[in-house]
file entry.pdb (PDB, C-alpha atoms, pLDDT in the B column)
ATOM      1  CA  MET R1476       0.000   0.000   0.000  1.00 46.00           C
ATOM      2  CA  ASN R1477       2.970   2.202   0.515  1.00 54.00           C
ATOM      3  CA  ARG R1478       3.777   1.910  -3.174  1.00 59.00           C
ATOM      4  CA  SER R1479       0.289   2.990  -4.281  1.00 64.00           C
ATOM      5  CA  GLY R1480       0.288   5.842  -1.755  1.00 66.00           C
ATOM      6  CA  GLY R1481       3.635   7.027  -3.127  1.00 75.00           C
ATOM      7  CA  SER R1482       2.314   6.802  -6.679  1.00 88.00           C
ATOM      8  CA  PHE R1483      -0.721   8.846  -5.706  1.00 88.00           C
ATOM      9  CA  LEU R1484       1.429  11.509  -4.068  1.00 89.00           C
ATOM     10  CA  GLN R1485       3.724  11.584  -7.092  1.00 91.00           C
ATOM     11  CA  THR R1486       0.743  11.995  -9.453  1.00 91.00           C
ATOM     12  CA  LEU R1487      -0.723  14.713  -7.221  1.00 92.00           C
ATOM     13  CA  LEU R1488       2.629  16.522  -7.122  1.00 93.00           C
ATOM     14  CA  ILE R1489       2.925  16.374 -10.928  1.00 94.00           C
ATOM     15  CA  PHE R1490      -0.648  17.651 -11.287  1.00 94.00           C
ATOM     16  CA  ILE R1491       0.021  20.565  -8.906  1.00 96.00           C
ATOM     17  CA  LEU R1492       3.282  21.418 -10.711  1.00 95.00           C
ATOM     18  CA  LEU R1493       1.442  21.326 -14.042  1.00 96.00           C
ATOM     19  CA  ILE R1494      -1.191  23.748 -12.737  1.00 96.00           C
ATOM     20  CA  VAL R1495       1.526  26.042 -11.338  1.00 95.00           C
ATOM     21  CA  VAL R1496       3.328  26.038 -14.714  1.00 96.00           C
ATOM     22  CA  ILE R1497       0.068  26.839 -16.564  1.00 95.00           C
ATOM     23  CA  VAL R1498      -0.825  29.657 -14.174  1.00 94.00           C
ATOM     24  CA  ALA R1499       2.714  31.058 -14.410  1.00 93.00           C
ATOM     25  CA  GLY R1500       2.549  30.934 -18.214  1.00 91.00           C
ATOM     26  CA  ILE R1501      -0.764  32.769 -18.281  1.00 89.00           C
ATOM     27  CA  TRP R1502       0.537  35.359 -15.819  1.00 89.00           C
ATOM     28  CA  PHE R1503       3.730  35.866 -17.850  1.00 88.00           C
ATOM     29  CA  TYR R1504       1.767  36.272 -21.091  1.00 84.00           C
ATOM     30  CA  ASN R1505      -0.637  38.788 -19.564  1.00 81.00           C
ATOM     31  CA  ALA R1506       2.136  40.695 -17.794  1.00 79.00           C
ATOM     32  CA  HIS R1507       3.951  41.331 -21.071  1.00 76.00           C
ATOM     33  CA  HIS R1508       0.952  41.648 -23.381  1.00 73.00           C
ATOM     34  CA  ARG R1509      -1.006  44.698 -22.318  1.00 74.00           C
ATOM     35  CA  PRO R1510      -2.193  46.665 -25.329  1.00 73.00           C
ATOM     36  CA  THR R1511      -2.968  50.298 -24.647  1.00 75.00           C
ATOM     37  CA  ALA R1512      -6.379  51.803 -25.198  1.00 76.00           C
ATOM     38  CA  GLY R1513      -4.992  53.590 -28.260  1.00 78.00           C
ATOM     39  CA  GLN R1514      -3.871  50.293 -29.769  1.00 77.00           C
ATOM     40  CA  GLU R1515      -7.283  48.717 -29.173  1.00 77.00           C
ATOM     41  CA  ILE R1516      -9.078  51.726 -30.676  1.00 80.00           C
ATOM     42  CA  GLY R1517      -6.714  51.629 -33.646  1.00 80.00           C
ATOM     43  CA  LYS R1518      -7.524  47.961 -34.247  1.00 78.00           C
ATOM     44  CA  ALA R1519     -11.247  48.722 -34.110  1.00 80.00           C
ATOM     45  CA  ILE R1520     -10.903  51.646 -36.535  1.00 80.00           C
ATOM     46  CA  ASP R1521      -8.825  49.541 -38.911  1.00 80.00           C
ATOM     47  CA  ALA R1522     -11.567  46.897 -38.918  1.00 79.00           C
ATOM     48  CA  ILE R1523     -14.343  49.345 -39.892  1.00 80.00           C
ATOM     49  CA  PRO R1524     -13.660  49.945 -43.642  1.00 78.00           C
ATOM     50  CA  PRO R1525     -13.555  46.272 -44.650  1.00 76.00           C
ATOM     51  CA  ALA R1526     -16.711  45.555 -42.663  1.00 72.00           C
ATOM     52  CA  VAL R1527     -18.565  48.483 -44.219  1.00 75.00           C
ATOM     53  CA  SER R1528     -17.377  47.559 -47.694  1.00 77.00           C
ATOM     54  CA  SER R1529     -18.482  43.969 -47.178  1.00 76.00           C
ATOM     55  CA  ALA R1530     -21.903  45.075 -45.921  1.00 73.00           C
ATOM     56  CA  ALA R1531     -22.354  47.442 -48.863  1.00 73.00           C
ATOM     57  CA  THR R1532     -21.429  44.690 -51.301  1.00 76.00           C
ATOM     58  CA  ASP R1533     -23.866  42.293 -49.624  1.00 72.00           C
ATOM     59  CA  ILE R1534     -26.667  44.854 -49.867  1.00 70.00           C
ATOM     60  CA  LYS R1535     -26.009  45.561 -53.537  1.00 72.00           C
ATOM     61  CA  GLU R1536     -25.788  41.885 -54.398  1.00 71.00           C
ATOM     62  CA  SER R1537     -28.895  40.890 -52.468  1.00 67.00           C
ATOM     63  CA  GLY R1538     -31.144  43.333 -54.286  1.00 68.00           C
ATOM     64  CA  ALA R1539     -32.167  44.942 -51.013  1.00 64.00           C
ATOM     65  CA  TYR R1540     -30.962  48.277 -52.338  1.00 65.00           C
ATOM     66  CA  ASP R1541     -33.222  48.050 -55.382  1.00 71.00           C
ATOM     67  CA  SER R1542     -36.208  46.872 -53.374  1.00 75.00           C
ATOM     68  CA  ALA R1543     -35.696  49.691 -50.865  1.00 74.00           C
ATOM     69  CA  ALA R1544     -35.558  52.222 -53.708  1.00 74.00           C
ATOM     70  CA  THR R1545     -38.744  50.759 -55.203  1.00 79.00           C
ATOM     71  CA  ALA R1546     -40.467  50.841 -51.819  1.00 79.00           C
ATOM     72  CA  LEU R1547     -39.483  54.499 -51.366  1.00 77.00           C
ATOM     73  CA  ASP R1548     -40.795  55.352 -54.834  1.00 80.00           C
ATOM     74  CA  ASN R1549     -44.084  53.591 -54.081  1.00 81.00           C
ATOM     75  CA  ALA R1550     -44.373  55.370 -50.744  1.00 80.00           C
ATOM     76  CA  GLY R1551     -43.771  58.725 -52.463  1.00 78.00           C
ATOM     77  CA  ASP R1552     -46.433  57.968 -55.073  1.00 80.00           C
ATOM     78  CA  ALA R1553     -48.911  56.930 -52.390  1.00 79.00           C
ATOM     79  CA  ALA R1554     -48.206  60.086 -50.388  1.00 75.00           C
ATOM     80  CA  ALA R1555     -48.677  62.258 -53.473  1.00 75.00           C
ATOM     81  CA  SER R1556     -51.952  60.517 -54.280  1.00 76.00           C
ATOM     82  CA  ALA R1557     -53.193  60.889 -50.714  1.00 75.00           C
ATOM     83  CA  LEU R1558     -52.230  64.561 -50.691  1.00 74.00           C
ATOM     84  CA  SER R1559     -54.055  65.126 -53.968  1.00 76.00           C
ATOM     85  CA  LYS R1560     -57.177  63.411 -52.657  1.00 77.00           C
ATOM     86  CA  THR R1561     -56.975  65.381 -49.418  1.00 78.00           C
ATOM     87  CA  GLY R1562     -56.647  68.612 -51.373  1.00 75.00           C
ATOM     88  CA  ALA R1563     -59.667  67.744 -53.497  1.00 75.00           C
ATOM     89  CA  ALA R1564     -61.733  66.842 -50.433  1.00 75.00           C
ATOM     90  CA  ALA R1565     -60.685  70.046 -48.654  1.00 74.00           C
ATOM     91  CA  SER R1566     -61.549  72.113 -51.732  1.00 76.00           C
ATOM     92  CA  SER R1567     -64.952  70.453 -51.954  1.00 76.00           C
ATOM     93  CA  ALA R1568     -65.601  71.042 -48.255  1.00 75.00           C
ATOM     94  CA  VAL R1569     -64.632  74.706 -48.576  1.00 76.00           C
ATOM     95  CA  SER R1570     -66.901  75.123 -51.602  1.00 79.00           C
ATOM     96  CA  GLU R1571     -69.832  73.529 -49.782  1.00 80.00           C
ATOM     97  CA  THR R1572     -69.209  75.647 -46.705  1.00 81.00           C
ATOM     98  CA  SER R1573     -68.972  78.766 -48.832  1.00 80.00           C
ATOM     99  CA  ALA R1574     -72.280  77.919 -50.498  1.00 79.00           C
ATOM    100  CA  ASP R1575     -73.881  77.301 -47.081  1.00 82.00           C
ATOM    101  CA  VAL R1576     -72.585  80.640 -45.769  1.00 83.00           C
ATOM    102  CA  LYS R1577     -73.914  82.472 -48.845  1.00 85.00           C
ATOM    103  CA  ALA R1578     -77.300  80.774 -48.485  1.00 85.00           C
ATOM    104  CA  ALA R1579     -77.443  81.670 -44.786  1.00 86.00           C
ATOM    105  CA  ALA R1580     -76.471  85.280 -45.567  1.00 85.00           C
ATOM    106  CA  ASN R1581     -79.178  85.541 -48.253  1.00 88.00           C
ATOM    107  CA  LYS R1582     -81.748  84.057 -45.891  1.00 88.00           C
ATOM    108  CA  GLN R1583     -80.734  86.537 -43.196  1.00 87.00           C
ATOM    109  CA  LYS R1584     -81.026  89.411 -45.670  1.00 87.00           C
ATOM    110  CA  GLN R1585     -84.544  88.279 -46.632  1.00 87.00           C
ATOM    111  CA  GLN R1586     -85.520  88.012 -42.982  1.00 86.00           C
ATOM    112  CA  ASP R1587     -84.102  91.483 -42.324  1.00 84.00           C
ATOM    113  CA  ARG R1588     -86.055  92.881 -45.295  1.00 85.00           C
ATOM    114  CA  SER R1589     -89.245  91.183 -44.097  1.00 84.00           C
ATOM    115  CA  ALA R1590     -88.784  92.519 -40.610  1.00 82.00           C
ATOM    116  CA  SER R1591     -88.035  96.052 -41.787  1.00 79.00           C
ATOM    117  CA  SER R1592     -90.988  96.131 -44.222  1.00 78.00           C
ATOM    118  CA  SER R1593     -93.411  94.902 -41.568  1.00 71.00           C
ATOM    119  CA  HIS R1594     -92.502  97.809 -39.271  1.00 64.00           C
TER     120      HIS R1594
END

call {"tool": "encode", "arguments": {"input": "entry.pdb", "output": "structure tokens"}}
result
Amino acid sequence: MNRSGGSFLQTLLIFILLIVVIVAGIWFYNAHHRPTAGQEIGKAIDAIPPAVSSAATDIKESGAYDSAATALDNAGDAAASALSKTGAAASSAVSETSADVKAAANKQKQQDRSASSSH
């Protein structure tokens, strides 16, 4: 049993040493590899143009650009049509109101004439 206990302790010691070596390696790497904020921002800025170019290419190739342009054209046509119809309806309402006001004014004039002639 002494032999198996020694083997266990040897395995445990090797395992602990392996963990210590891994932790030391990670610490050493991180201690010497500390990019500055400027370096990180520079990397991010350098990555922007290719990403934008790729996205623009994807949009042009997928036809989304054309369908968006068509949708905008259709929306503009619909808005123009709605505005035209609204203008026509407003003009009609104003004409009807004007006719009603004229009729009411004429009626009032007749009533005034009737009242003045009866006195």

call {"tool": "atom_distance", "arguments": {"input": "entry.pdb", "atom1": "CA of Asp1587 (chain R)", "atom2": "CA of Thr1572 (chain R)"}}
result
22.2 Å

call {"tool": "atom_distance", "arguments": {"input": "entry.pdb", "atom1": "CA of Ala1531 (chain R)", "atom2": "CA of Ala1519 (chain R)"}}
result
18.5 Å

call {"tool": "atom_distance", "arguments": {"input": "entry.pdb", "atom1": "CA of Ser1528 (chain R)", "atom2": "CA of Asp1541 (chain R)"}}
result
17.6 Å

call {"tool": "decode", "arguments": {"input": "entry.pdb", "residues": "region 1483-1533 of chain R", "atoms": "C-alpha atoms", "output": "tab-separated table (two decimals), in the first residue's frame"}}
result
chain	number	residue	atom	x	y	z
R	1483	PHE	CA	-0.72	8.85	-5.71
R	1484	LEU	CA	1.43	11.51	-4.07
R	1485	GLN	CA	3.72	11.58	-7.09
R	1486	THR	CA	0.74	12.00	-9.45
R	1487	LEU	CA	-0.72	14.71	-7.22
R	1488	LEU	CA	2.63	16.52	-7.12
R	1489	ILE	CA	2.93	16.37	-10.93
R	1490	PHE	CA	-0.65	17.65	-11.29
R	1491	ILE	CA	0.02	20.56	-8.91
R	1492	LEU	CA	3.28	21.42	-10.71
R	1493	LEU	CA	1.44	21.33	-14.04
R	1494	ILE	CA	-1.19	23.75	-12.74
R	1495	VAL	CA	1.53	26.04	-11.34
R	1496	VAL	CA	3.33	26.04	-14.71
R	1497	ILE	CA	0.07	26.84	-16.56
R	1498	VAL	CA	-0.82	29.66	-14.17
R	1499	ALA	CA	2.71	31.06	-14.41
R	1500	GLY	CA	2.55	30.93	-18.21
R	1501	ILE	CA	-0.76	32.77	-18.28
R	1502	TRP	CA	0.54	35.36	-15.82
R	1503	PHE	CA	3.73	35.87	-17.85
R	1504	TYR	CA	1.77	36.27	-21.09
R	1505	ASN	CA	-0.64	38.79	-19.56
R	1506	ALA	CA	2.14	40.70	-17.79
R	1507	HIS	CA	3.95	41.33	-21.07
R	1508	HIS	CA	0.95	41.65	-23.38
R	1509	ARG	CA	-1.01	44.70	-22.32
R	1510	PRO	CA	-2.19	46.67	-25.33
R	1511	THR	CA	-2.97	50.30	-24.65
R	1512	ALA	CA	-6.38	51.80	-25.20
R	1513	GLY	CA	-4.99	53.59	-28.26
R	1514	GLN	CA	-3.87	50.29	-29.77
R	1515	GLU	CA	-7.28	48.72	-29.17
R	1516	ILE	CA	-9.08	51.73	-30.68
R	1517	GLY	CA	-6.71	51.63	-33.65
R	1518	LYS	CA	-7.52	47.96	-34.25
R	1519	ALA	CA	-11.25	48.72	-34.11
R	1520	ILE	CA	-10.90	51.65	-36.54
R	1521	ASP	CA	-8.82	49.54	-38.91
R	1522	ALA	CA	-11.57	46.90	-38.92
R	1523	ILE	CA	-14.34	49.34	-39.89
R	1524	PRO	CA	-13.66	49.94	-43.64
R	1525	PRO	CA	-13.55	46.27	-44.65
R	1526	ALA	CA	-16.71	45.55	-42.66
R	1527	VAL	CA	-18.57	48.48	-44.22
R	1528	SER	CA	-17.38	47.56	-47.69
R	1529	SER	CA	-18.48	43.97	-47.18
R	1530	ALA	CA	-21.90	45.08	-45.92
R	1531	ALA	CA	-22.35	47.44	-48.86
R	1532	THR	CA	-21.43	44.69	-51.30
R	1533	ASP	CA	-23.87	42.29	-49.62
